[in-house]
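**Student:** Sending over coords-v7.txt (compact mmCIF, C-alpha atoms).
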```
# COMPACT_ATOMS: atom_id res chain seq x y z
CA MET A 1 118.92 57.97 -4.56
CA ARG A 2 119.57 58.84 -8.21
CA GLU A 3 116.36 60.83 -8.44
CA LYS A 4 117.44 62.96 -5.49
CA TYR A 5 120.79 63.67 -7.12
CA VAL A 6 119.20 64.66 -10.40
CA LYS A 7 116.69 66.96 -8.74
CA LYS A 8 119.28 68.68 -6.61
CA PHE A 9 121.68 68.92 -9.50
CA SER A 10 118.98 70.55 -11.63
CA CYS A 11 118.46 73.19 -8.93
CA LEU A 12 122.18 73.88 -8.72
CA LEU A 13 122.73 73.88 -12.46
CA PRO A 14 122.48 77.67 -13.08
CA LYS A 15 125.01 78.36 -10.32
CA LEU A 16 127.33 75.62 -11.49
CA ARG A 17 127.20 76.86 -15.07
CA ARG A 18 127.94 80.41 -14.01
CA PHE A 19 130.85 79.27 -11.88
CA ALA A 20 132.22 77.03 -14.61
CA TYR A 21 131.85 79.75 -17.18
CA GLY A 22 133.40 82.33 -14.86
CA LEU A 23 136.38 80.06 -14.42
CA SER A 24 136.84 78.87 -17.97
CA GLY A 25 135.71 81.88 -20.00
CA SER A 26 134.03 79.64 -22.57
CA VAL A 27 130.44 78.48 -22.60
CA VAL A 28 131.44 75.29 -24.38
CA VAL A 29 134.19 74.43 -21.93
CA ALA A 30 131.93 75.40 -19.01
CA GLU A 31 129.30 73.00 -20.26
CA ASP A 32 131.88 70.24 -20.59
CA LEU A 33 132.98 70.83 -17.01
CA VAL A 34 129.42 70.74 -15.69
CA GLN A 35 128.53 67.64 -17.71
CA GLU A 36 131.60 65.82 -16.48
CA ALA A 37 130.75 66.76 -12.89
CA PHE A 38 127.23 65.41 -13.42
CA ALA A 39 128.53 62.15 -14.87
CA ARG A 40 130.84 61.73 -11.88
CA LEU A 41 127.98 62.49 -9.54
CA LEU A 42 125.85 59.75 -11.04
CA SER A 43 128.64 57.21 -10.92
CA SER A 44 129.53 58.00 -7.31
CA GLU A 45 127.11 56.00 -5.19
CA GLY A 46 126.49 56.74 -1.52
CA ARG A 47 127.69 60.33 -1.49
CA GLU A 48 126.06 62.32 1.25
CA GLU A 49 123.38 64.62 -0.12
CA GLN A 50 124.24 67.45 2.24
CA TYR A 51 127.76 67.66 0.82
CA MET A 52 126.63 67.41 -2.77
CA GLU A 53 126.66 71.12 -3.51
CA LYS A 54 130.19 71.66 -2.26
CA TRP A 55 131.30 68.45 -3.91
CA LEU A 56 129.94 69.62 -7.28
CA PHE A 57 131.62 73.01 -7.08
CA ARG A 58 134.87 71.40 -6.01
CA THR A 59 134.66 68.92 -8.87
CA VAL A 60 134.05 71.65 -11.43
CA ARG A 61 136.95 73.64 -10.04
CA ASN A 62 139.29 70.63 -10.01
CA LEU A 63 138.30 69.70 -13.54
CA HIS A 64 139.06 73.24 -14.59
CA ILE A 65 142.49 73.12 -12.95
CA ASP A 66 143.20 69.89 -14.81
CA LEU A 67 142.24 71.64 -18.01
CA ILE A 68 144.49 74.62 -17.35
CA ARG A 69 147.38 72.28 -16.93
CA LYS A 70 146.70 70.85 -20.37
CA GLU A 71 146.30 74.06 -22.30
CA ASP A 72 146.59 77.78 -22.03
CA ILE A 73 143.07 78.67 -21.02
CA ARG A 74 143.75 82.38 -21.02
CA ASP A 75 143.31 82.47 -24.79
CA ARG A 76 139.67 81.58 -24.42
CA HIS A 77 138.95 84.67 -22.36
CA SER A 78 140.05 86.81 -25.28
CA GLU A 79 137.83 84.75 -27.60
CA ARG A 80 134.86 85.27 -25.31
CA ALA A 81 135.35 89.02 -25.23
CA ARG A 82 135.31 89.06 -29.02
CA GLU A 83 132.38 86.62 -29.15
CA PHE A 84 129.94 88.78 -27.19
CA SER A 85 131.10 92.34 -27.75
CA GLY A 86 129.61 92.35 -31.26
CA SER A 87 125.96 92.03 -30.09
CA ASP A 88 123.35 94.50 -31.29
CA ILE A 89 123.44 97.84 -29.51
CA ASP A 90 120.38 100.02 -28.97
CA GLY A 91 120.54 103.20 -26.93
CA THR A 92 123.13 104.92 -24.79
CA ALA A 93 122.13 103.18 -21.54
CA GLN A 94 122.56 99.80 -23.11
CA ILE A 95 125.90 100.82 -24.56
CA GLU A 96 127.05 101.87 -21.12
CA ASN A 97 125.89 98.58 -19.64
CA LEU A 98 127.47 96.59 -22.37
CA ILE A 99 130.75 98.41 -22.08
CA THR A 100 130.72 97.94 -18.34
CA LEU A 101 130.06 94.22 -18.70
CA VAL A 102 132.76 93.87 -21.32
CA HIS A 103 135.03 95.84 -19.05
CA VAL A 104 134.26 93.55 -16.12
CA ARG A 105 135.01 90.50 -18.24
CA GLU A 106 138.34 92.00 -19.24
CA LEU A 107 139.14 92.75 -15.62
CA MET A 108 138.25 89.27 -14.45
CA LYS A 109 140.53 87.62 -16.95
CA GLN A 110 143.45 89.61 -15.53
CA LEU A 111 143.12 87.84 -12.22
CA PRO A 112 145.17 84.77 -11.39
CA VAL A 113 142.98 81.65 -11.30
CA ASP A 114 143.35 81.18 -7.55
CA GLN A 115 142.00 84.70 -6.86
CA HIS A 116 139.41 84.44 -9.60
CA GLU A 117 137.78 81.30 -8.19
CA VAL A 118 137.59 82.79 -4.70
CA LEU A 119 135.94 85.93 -6.03
CA LEU A 120 133.46 83.89 -8.05
CA LEU A 121 132.44 81.73 -5.12
CA ILE A 122 132.16 84.52 -2.56
CA GLY A 123 131.41 87.67 -4.56
CA VAL A 124 129.20 86.15 -7.26
CA GLU A 125 127.71 82.99 -5.76
CA GLY A 126 127.45 84.35 -2.23
CA TYR A 127 129.16 81.52 -0.36
CA SER A 128 130.57 82.30 3.05
CA TYR A 129 134.32 82.29 3.62
CA ARG A 130 134.03 78.98 5.41
CA GLU A 131 132.01 77.38 2.61
CA ALA A 132 134.42 78.65 -0.02
CA ALA A 133 137.34 77.31 2.01
CA GLU A 134 135.63 73.90 2.14
CA ILE A 135 134.90 73.88 -1.58
CA LEU A 136 138.44 74.87 -2.46
CA ASP A 137 139.96 72.76 0.28
CA LEU A 138 141.97 75.69 1.58
CA PRO A 139 142.46 77.31 4.99
CA MET A 140 140.09 80.23 5.63
CA GLY A 141 143.02 82.60 5.98
CA THR A 142 144.21 81.76 2.47
CA VAL A 143 140.72 82.32 1.11
CA THR A 144 140.36 85.75 2.73
CA SER A 145 143.79 86.94 1.67
CA ARG A 146 143.15 85.83 -1.92
CA LEU A 147 139.82 87.57 -1.84
CA THR A 148 141.17 90.88 -0.58
CA ARG A 149 143.99 90.80 -3.11
CA ALA A 150 141.57 90.02 -5.93
CA ARG A 151 139.20 92.77 -4.95
CA SER A 152 141.80 95.43 -4.49
CA ARG A 153 143.39 94.54 -7.79
CA LEU A 154 140.10 94.62 -9.66
CA LEU A 155 138.92 97.82 -8.05
CA SER A 156 142.12 99.68 -8.71
CA SER A 157 141.83 98.80 -12.41
CA TYR A 158 138.08 99.35 -12.53
CA SER A 159 138.10 102.77 -10.88
CA GLY A 160 141.18 103.86 -12.79
CA SER A 161 139.84 103.16 -16.26
CA ASN A 162 136.05 103.11 -15.97
CA SER A 163 135.47 106.83 -16.35
CA SER A 164 137.70 107.19 -19.40
CA LYS A 165 136.10 104.19 -21.19
CA LYS A 166 132.60 105.46 -20.53
CA MET A 167 133.41 108.88 -21.84
CA ALA A 168 134.93 107.41 -24.97
CA VAL A 169 131.79 105.35 -25.66
CA ASP A 170 129.43 108.28 -25.06
CA GLY A 171 131.51 110.36 -27.40
CA GLY A 172 131.43 107.64 -30.03
CA VAL A 173 127.62 107.43 -30.10
CA LYS A 174 127.19 111.10 -30.48
CA MET B 1 142.04 105.66 -6.52
CA SER B 2 144.51 103.12 -7.87
CA GLY B 3 147.40 104.85 -6.19
CA GLN B 4 145.64 104.84 -2.82
CA VAL B 5 144.71 101.18 -2.78
CA THR B 6 146.97 98.99 -0.72
CA ASP B 7 146.66 95.37 0.39
CA GLU B 8 146.22 96.50 3.94
CA ARG B 9 144.03 99.57 4.14
CA ILE B 10 141.62 101.73 2.20
CA GLY B 11 141.58 105.14 3.81
CA ASN B 12 141.81 104.28 7.47
CA VAL B 13 140.00 100.94 7.36
CA GLU B 14 141.56 97.50 6.88
CA VAL B 15 140.66 95.89 3.56
CA ARG B 16 140.00 92.57 5.30
CA LEU B 17 137.41 94.27 7.48
CA LEU B 18 135.80 95.97 4.50
CA CYS B 19 135.66 92.67 2.63
CA ALA B 20 134.15 90.92 5.63
CA TYR B 21 131.54 93.69 5.70
CA ILE B 22 130.82 93.38 1.97
CA ASP B 23 130.53 89.58 2.20
CA ARG B 24 128.29 89.63 5.29
CA GLU B 25 130.78 87.82 7.47
CA LEU B 26 130.37 90.17 10.43
CA ASP B 27 127.92 90.01 13.28
CA GLU B 28 125.47 92.86 13.81
CA GLN B 29 127.61 94.79 16.25
CA SER B 30 130.71 94.64 14.04
CA ARG B 31 128.64 95.67 11.02
CA ALA B 32 127.39 98.69 12.92
CA GLU B 33 130.97 99.59 13.87
CA VAL B 34 132.12 99.36 10.26
CA GLU B 35 129.17 101.50 9.17
CA ASP B 36 130.24 104.13 11.69
CA LEU B 37 133.72 104.08 10.15
CA LEU B 38 132.30 104.33 6.64
CA ARG B 39 130.38 107.49 7.56
CA LEU B 40 133.69 109.15 8.40
CA ASP B 41 135.78 107.64 5.62
CA SER B 42 134.62 108.42 2.09
CA GLU B 43 137.46 106.43 0.52
CA ALA B 44 136.51 103.26 2.37
CA LEU B 45 132.86 103.88 1.54
CA HIS B 46 133.71 104.21 -2.13
CA TYR B 47 135.60 100.90 -1.99
CA VAL B 48 132.59 99.13 -0.49
CA ILE B 49 130.21 100.57 -3.08
CA GLN B 50 132.50 99.71 -5.97
CA ALA B 51 133.15 96.18 -4.68
CA LYS B 52 129.42 95.52 -4.40
CA LYS B 53 128.88 96.93 -7.85
CA LEU B 54 131.63 94.74 -9.21
CA ASN B 55 130.04 91.62 -7.68
CA ALA B 56 126.73 92.48 -9.29
CA LEU B 57 128.28 93.37 -12.64
CA THR B 58 130.34 90.19 -12.75
CA ARG B 59 127.25 88.14 -12.12
CA MET B 60 125.32 90.09 -14.75
CA ALA B 61 128.11 89.64 -17.27
CA LEU B 62 128.22 85.89 -16.70
CA ASP B 63 124.44 85.51 -16.83
CA ALA B 64 124.21 87.65 -19.96
CA ASP B 65 126.74 85.45 -21.72
CA LEU B 66 125.04 82.25 -20.57
CA ASN B 67 121.77 83.49 -22.09
CA GLN B 68 123.23 84.01 -25.54
CA PRO B 69 122.06 81.59 -28.28
CA GLU B 70 125.55 80.08 -28.51
CA ALA B 71 125.45 79.26 -24.80
CA ARG B 72 121.91 77.90 -25.02
CA ALA B 73 122.94 75.59 -27.81
CA ALA B 74 125.86 74.30 -25.76
CA GLN B 75 123.59 73.72 -22.75
CA LYS B 76 120.91 71.84 -24.70
CA LYS B 77 122.49 68.42 -24.40
CA LEU B 78 122.62 68.43 -20.61
CA ASP B 79 119.20 70.07 -20.32
CA ASP B 80 117.69 67.33 -22.51
CA GLN B 81 119.45 64.66 -20.51
CA LEU B 82 118.02 66.03 -17.26
CA LYS B 83 114.53 66.28 -18.76
CA SER B 84 114.69 62.66 -19.87
CA TYR B 85 115.74 61.62 -16.37
CA GLN B 86 112.81 63.52 -14.90
CA LYS B 87 110.44 61.79 -17.33
CA GLU B 88 111.98 58.44 -16.51
CA PHE B 89 111.42 58.98 -12.79
CA THR B 90 107.80 60.00 -13.34
CA VAL B 91 107.11 57.00 -15.60
CA SER B 92 108.82 54.53 -13.27
CA LYS B 93 106.78 55.83 -10.36
CA LYS B 94 103.54 55.37 -12.33
CA GLN B 95 104.61 51.91 -13.48
CA ALA B 96 105.53 50.84 -9.97
CA TRP B 97 102.08 51.85 -8.77
CA SER B 98 100.32 50.22 -11.69
CA ARG B 99 102.28 46.96 -11.18
CA VAL B 100 101.23 46.85 -7.58
CA SER B 101 97.63 47.85 -8.15
CA ASN B 102 97.18 45.35 -11.04
CA TYR B 103 98.44 42.43 -9.03
CA PRO B 104 95.39 40.25 -8.18
CA TYR B 105 96.45 39.65 -4.64
CA PHE B 106 96.82 43.35 -4.12
CA ALA B 107 93.08 43.85 -4.47
CA MET B 108 92.41 40.96 -2.15
CA ALA B 109 94.92 42.17 0.40
CA ALA B 110 93.54 45.68 0.16
CA THR B 111 90.00 44.35 0.71
CA ILE B 112 91.09 42.31 3.71
CA MET B 113 92.95 45.29 5.05
CA LEU B 114 89.90 47.52 4.59
CA LEU B 115 87.65 44.94 6.20
CA PHE B 116 90.06 44.59 9.07
CA ILE B 117 90.22 48.33 9.49
CA GLY B 118 86.44 48.49 9.24
CA TYR B 119 86.08 45.69 11.78
CA GLN B 120 88.55 47.31 14.11
CA THR B 121 86.81 50.63 13.76
CA GLY B 122 83.45 48.94 14.23
CA SER B 123 84.56 47.01 17.28
CA LEU B 124 86.10 50.09 18.69
CA SER B 125 82.88 51.98 18.23
CA LEU B 126 80.98 48.98 19.63
CA ASP B 127 83.24 48.90 22.66
CA PHE B 128 82.69 52.56 23.06
CA GLU B 129 78.93 52.11 22.81
CA VAL B 130 78.94 49.32 25.41
CA GLN B 131 81.06 51.39 27.73
CA LYS B 132 78.67 54.27 27.29
CA GLN B 133 75.68 52.10 28.12
CA LEU B 134 77.39 50.56 31.13
CA ILE B 135 78.20 53.98 32.48
CA ALA B 136 74.60 55.04 31.88
CA LEU B 137 73.30 51.95 33.70
CA GLU B 138 75.66 52.50 36.57
CA LYS B 139 74.51 56.06 36.79
CA GLU B 140 70.89 55.01 36.70
CA LYS B 141 71.49 52.37 39.39
CA ASN B 142 73.13 54.92 41.64
CA ILE B 143 70.19 57.25 41.13
CA LEU B 144 67.81 54.43 42.00
CA LEU B 145 69.78 53.39 45.06
CA ALA B 146 69.78 57.00 46.15
CA ALA B 147 66.03 56.94 45.64
CA VAL B 148 65.75 53.78 47.82
CA GLU B 149 67.79 55.49 50.48
CA GLY B 150 65.50 58.47 50.30
CA GLU B 151 62.49 56.19 50.66
CA ARG B 152 64.14 54.40 53.61
CA ASN B 153 64.77 57.74 55.31
CA ARG B 154 61.15 58.71 54.79
CA VAL B 155 59.83 55.40 56.18
CA LEU B 156 62.15 55.47 59.23
CA GLU B 157 61.16 59.06 59.91
CA TYR B 158 57.39 58.77 59.59
CA ILE B 159 56.13 55.18 59.43
CA PRO B 160 55.19 53.43 62.67
CA SER B 161 56.77 50.10 63.60
CA GLY B 162 55.16 47.04 62.05
CA GLN B 163 53.80 48.84 58.99
CA THR B 164 55.14 47.83 55.56
CA GLU B 165 55.68 50.47 52.92
CA LYS B 166 56.02 49.57 49.29
CA TRP B 167 57.91 51.67 46.83
CA LYS B 168 58.52 51.45 43.10
CA SER B 169 60.83 53.49 40.90
CA ASP B 170 59.31 55.50 38.06
CA ASN B 171 60.69 53.14 35.38
CA GLY B 172 59.69 50.02 37.37
CA PHE B 173 63.28 48.88 37.41
CA LEU B 174 63.50 48.82 41.19
CA GLN B 175 60.98 47.93 43.89
CA ALA B 176 61.39 47.99 47.62
CA GLU B 177 59.46 46.94 50.73
CA LEU B 178 60.41 48.53 54.00
CA MET B 179 59.11 47.75 57.45
CA PRO B 180 60.33 49.37 60.66
CA ILE B 181 60.39 46.77 63.44
CA ARG B 182 61.04 48.89 66.51
CA THR B 183 62.37 52.24 67.71
CA LEU B 184 65.33 52.54 70.08
CA ARG B 185 66.82 55.41 72.00
CA THR B 186 70.52 55.52 72.79
CA GLU B 187 72.23 56.89 75.92
CA ASN B 188 72.95 60.18 74.22
CA ASN B 189 69.31 60.61 73.17
CA GLN B 190 69.79 59.54 69.56
CA TYR B 191 66.88 57.73 67.91
CA CYS B 192 67.59 54.47 66.10
CA ARG B 193 65.25 52.04 64.35
CA GLU B 194 65.48 48.38 63.59
CA TYR B 195 63.96 47.54 60.19
CA LYS B 196 63.63 45.01 57.43
CA GLU B 197 64.13 45.91 53.84
CA VAL B 198 63.70 43.96 50.61
CA VAL B 199 64.93 45.52 47.39
CA MET B 200 63.95 43.85 44.12
CA GLN B 201 65.89 44.70 41.03
CA GLN B 202 64.50 42.74 38.10
CA GLU B 203 65.61 39.15 38.87
CA LYS B 204 67.66 39.98 41.94
CA VAL B 205 66.32 40.37 45.46
CA GLU B 206 68.37 41.86 48.28
CA SER B 207 67.09 41.66 51.82
CA ARG B 208 68.48 43.38 54.80
CA HIS B 209 67.75 43.39 58.50
CA ALA B 210 69.51 46.39 60.01
CA VAL B 211 69.54 49.24 62.53
CA SER B 212 69.85 52.84 61.37
CA CYS B 213 70.19 55.90 63.58
CA ARG B 214 68.82 59.41 62.96
CA VAL B 215 71.43 62.10 62.28
CA GLY B 216 69.10 64.81 61.03
CA LYS B 217 65.66 65.44 59.64
CA GLU B 218 64.82 62.56 57.24
CA THR B 219 68.47 61.52 57.41
CA TRP B 220 69.35 58.12 58.81
CA ARG B 221 72.66 56.29 58.83
CA VAL B 222 73.04 52.49 58.87
CA LYS B 223 74.51 51.64 62.26
CA MET B 224 74.39 47.88 62.21
CA ILE B 225 73.50 45.21 59.64
CA LEU B 226 71.98 42.20 61.38
CA LEU B 227 71.30 40.17 58.26
CA ASN B 228 72.20 40.75 54.65
CA GLY B 229 70.87 38.31 52.08
CA GLU B 230 70.78 38.01 48.33
CA SER B 231 68.65 35.66 46.26
CA LYS B 232 67.16 35.29 42.82
CA THR B 233 63.50 35.50 42.11
CA MET B 234 61.89 32.48 40.48
```
Could you write out this structure as structure tokens?
**Tutor:**
Amino acid sequence: MREKYVKKFSCLLPKLRRFAYGLSGSVVVAEDLVQEAFARLLSSEGREEQYMEKWLFRTVRNLHIDLIRKEDIRDRHSERAREFSGSDIDGTAQIENLITLVHVRELMKQLPVDQHEVLLLIGVEGYSYREAAEILDLPMGTVTSRLTRARSRLLSSYSGSNSSKKMAVDGGVK
Amino acid sequence: MSGQVTDERIGNVEVRLLCAYIDRELDEQSRAEVEDLLRLDSEALHYVIQAKKLNALTRMALDADLNQPEARAAQKKLDDQLKSYQKEFTVSKKQAWSRVSNYPYFAMAATIMLLFIGYQTGSLSLDFEVQKQLIALEKEKNILLAAVEGERNRVLEYIPSGQTEKWKSDNGFLQAELMPIRTLRTENNQYCREYKEVVMQQEKVESRHAVSCRVGKETWRVKMILLNGESKTM
């Protein structure tokens, strides 16, 4: 039983880490969330294997909500942006990519947590609306309305400022 | 674009519908319908392209960050823990097998099992062999009996009454003595013959006193059995 859990968990680990990191904005906190979920998985005997994936995502998400209640997690998103924006830059294409990624990170942190988690599950991890609703324990209608709001909000910001940022970076390199 | 985006529609298409299209929630027919709309609505098309790009970029951004050395260092503890579990499972599997295979009774039980399987397989093949031989014997007997019948037909057709004809099969397995006793003619002009027959098959002797009638050239059918005896040769 335990061996099965560990094997399946190992397969899901990259997705879980990405989700946890997307939610928390810190690789350290993300790792704590994933580790805690793993520990809970091992201590919970008799859980159905077929529900394990959803259970893990739900656990990570609930742990993250608990964390938000304890501290202001938004500060970490700013730290992360600073942490990774100073990486080595080589060539215009890479600069454009980097700026775009930094830009995306900035956009994502503007979203409320409830919209953010829906977008991560559906847009990034590729879960269906129904699966996301099960993970988040929400009605499907709530999931879809959060998703559309999140997307429209992000896209309005993205399209509005993307061109000006890119031009500024290109100008800076020259 | 920011001024044109509403919660309800992009261009002339509902945002919910566009999202369902982006997230592959629509069936084939609905997808085709949305694609028709997108061909006519550049604003909606732009939304779809940008939303897909944003999904991909978000994923890229997260993966890029998780591949940084700082992230790798944070992940090491859990990765090591998982590796040690995997090792533990592999070792415990090997140990379980070695415990079983080293147990003295295991070898004995395995031997008995193999012998039993061998015996079963052997007896099965033996049974099969016996069956095969029995079928072959039966076949051979039928051939021989057919040969006796052929000989009987020949004797009844050509041999005069009172004369004994001896016959022996090629392999010597079967011998027969046939003697027509008399010839009869029925009311409808059918010829019949009374005869005596002794068939010897190794230790067994079958004797028959019967009447057969002619139904065609060298073809006689038993009409009446007057005496049918069986005895063993000394």
**Student:** Region 29-47 of chain B, all listed atoms, 4 Å padding on each side: what axis-aligned box centre and edge lengths in Å to one decimal come out, as JSON?
**Tutor:**
```
{"center_x": 132.4, "center_y": 101.9, "center_z": 7.1, "size_x": 18.1, "size_y": 22.5, "size_z": 26.4}
```
**Student:** Compile the residues of chain A that lie within 7 Å of chain B, evaluated using all atoms listed in the file, and express the compilation as a VMD selection string.
**Tutor:** chain A and resid 3 18 22 27 to 28 31 35 101 104 123 to 124 148 to 149 151 to 152 155 to 157 159 to 160
**Student:** I want to know what sits within 10 Å of Trp220 (chain B), based on all atoms listed in the file, with residues of the same chain fewer than 2 positions away left out; could you give that as a list of chain:residue names?
**Tutor:**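 Skipping anything fewer than 2 positions along the chain leaves B:Glu149, B:Gly150, B:Arg152, B:Asn153, B:Arg154, B:Leu156, B:Glu157, B:Tyr191, B:Cys192, B:Arg193, B:Val211, B:Ser212, B:Cys213, B:Arg214, B:Val215, B:Gly216, B:Lys217, B:Glu218, B:Val222, B:Lys223.
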**Student:** Selection from above, C-alpha atoms, as a short mmCIF file (atom, residue, chain, number, x, y, z; two decimals), keeping the file's coordinate frame, can you write it?
**Tutor:**
```cif
data_model
loop_
_atom_site.label_atom_id
_atom_site.label_comp_id
_atom_site.auth_asym_id
_atom_site.auth_seq_id
_atom_site.Cartn_x
_atom_site.Cartn_y
_atom_site.Cartn_z
CA GLU B 149 67.79 55.49 50.48
CA GLY B 150 65.50 58.47 50.30
CA ARG B 152 64.14 54.40 53.61
CA ASN B 153 64.77 57.74 55.31
CA ARG B 154 61.15 58.71 54.79
CA LEU B 156 62.15 55.47 59.23
CA GLU B 157 61.16 59.06 59.91
CA TYR B 191 66.88 57.73 67.91
CA CYS B 192 67.59 54.47 66.10
CA ARG B 193 65.25 52.04 64.35
CA VAL B 211 69.54 49.24 62.53
CA SER B 212 69.85 52.84 61.37
CA CYS B 213 70.19 55.90 63.58
CA ARG B 214 68.82 59.41 62.96
CA VAL B 215 71.43 62.10 62.28
CA GLY B 216 69.10 64.81 61.03
CA LYS B 217 65.66 65.44 59.64
CA GLU B 218 64.82 62.56 57.24
CA VAL B 222 73.04 52.49 58.87
CA LYS B 223 74.51 51.64 62.26
#
```
**Student:** For Gly25 (chain A), which residue among A:Leu147, A:Arg105, A:Thr100, A:Ala133 is the nearest when counting all atoms listed in the file?
**Tutor:** A:Arg105
**Student:** Report, in Å with one decimal, the straight-line distance from CA of Thr183 (chain B) to CA of Ser161 (chain B).
**Tutor:**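 Calculated distance between CA of Thr183 (chain B) and CA of Ser161 (chain B) is 7.3 Å.
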**Student:** So that I can check the surroundings of Glu125 (chain A), please list as a PDB file with C-alpha atoms, in the coordinates of the input every protein, DNA and RNA residue that reaches within 8 Å of it, counting only C-alpha atoms and ignoring chain neighbours fewer than 4 positions away.
**Tutor:**
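Output file part.pdb is given in full below:
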```
ATOM      1  CA  LYS A  15     125.010  78.360 -10.320  1.00  0.00           C
ATOM      2  CA  PHE A  19     130.850  79.270 -11.880  1.00  0.00           C
ATOM      3  CA  LEU A 120     133.460  83.890  -8.050  1.00  0.00           C
ATOM      4  CA  LEU A 121     132.440  81.730  -5.120  1.00  0.00           C
TER       5      LEU A 121
END
```
**Student:** Quick one: everything within 9 Å of region 63-65 of chain A, counting all atoms listed in the file, minus sequence neighbours fewer than 4 positions away in the same chain. Send it as a VMD selection string.
**Tutor:** chain A and resid 20 23 to 24 29 to 30 33 36 to 37 58 to 59 69 to 70 113
**Student:** Calculate how many Å separate CA of Ile143 (chain B) from CA of Asn171 (chain B), rounding to one decimal.
**Tutor:** 11.8 Å
**Student:** Scan for residues within 7 Å of the point (67.9, 48.5, 47.9) in the coordinates of the file, using all atoms listed in the file, and reply as a PDB file with C-alpha atoms, in the coordinates of the input.
**Tutor:**
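So the final result, stored in point.pdb, reads:
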```
ATOM      1  CA  LEU B 145      69.780  53.390  45.060  1.00  0.00           C
ATOM      2  CA  VAL B 148      65.750  53.780  47.820  1.00  0.00           C
ATOM      3  CA  ALA B 176      61.390  47.990  47.620  1.00  0.00           C
ATOM      4  CA  VAL B 198      63.700  43.960  50.610  1.00  0.00           C
ATOM      5  CA  VAL B 199      64.930  45.520  47.390  1.00  0.00           C
ATOM      6  CA  GLU B 206      68.370  41.860  48.280  1.00  0.00           C
TER       7      GLU B 206
END
```
**Student:** One decimal, Å: what's the distance from CA of Arg31 (chain B) over to CA of Lys53 (chain B), could you say?
**Tutor:**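 A separation of 18.9 Å between them.
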**Student:** Determine, counting only C-alpha atoms, which protein, DNA and RNA residues have an atom within 10 Å of an atom of Gly229 (chain B); residues of the same chain fewer than 2 positions away are not included. Present the result as a PyMOL selection string.
**Tutor:** chain B and resi 198+205-209+227+231
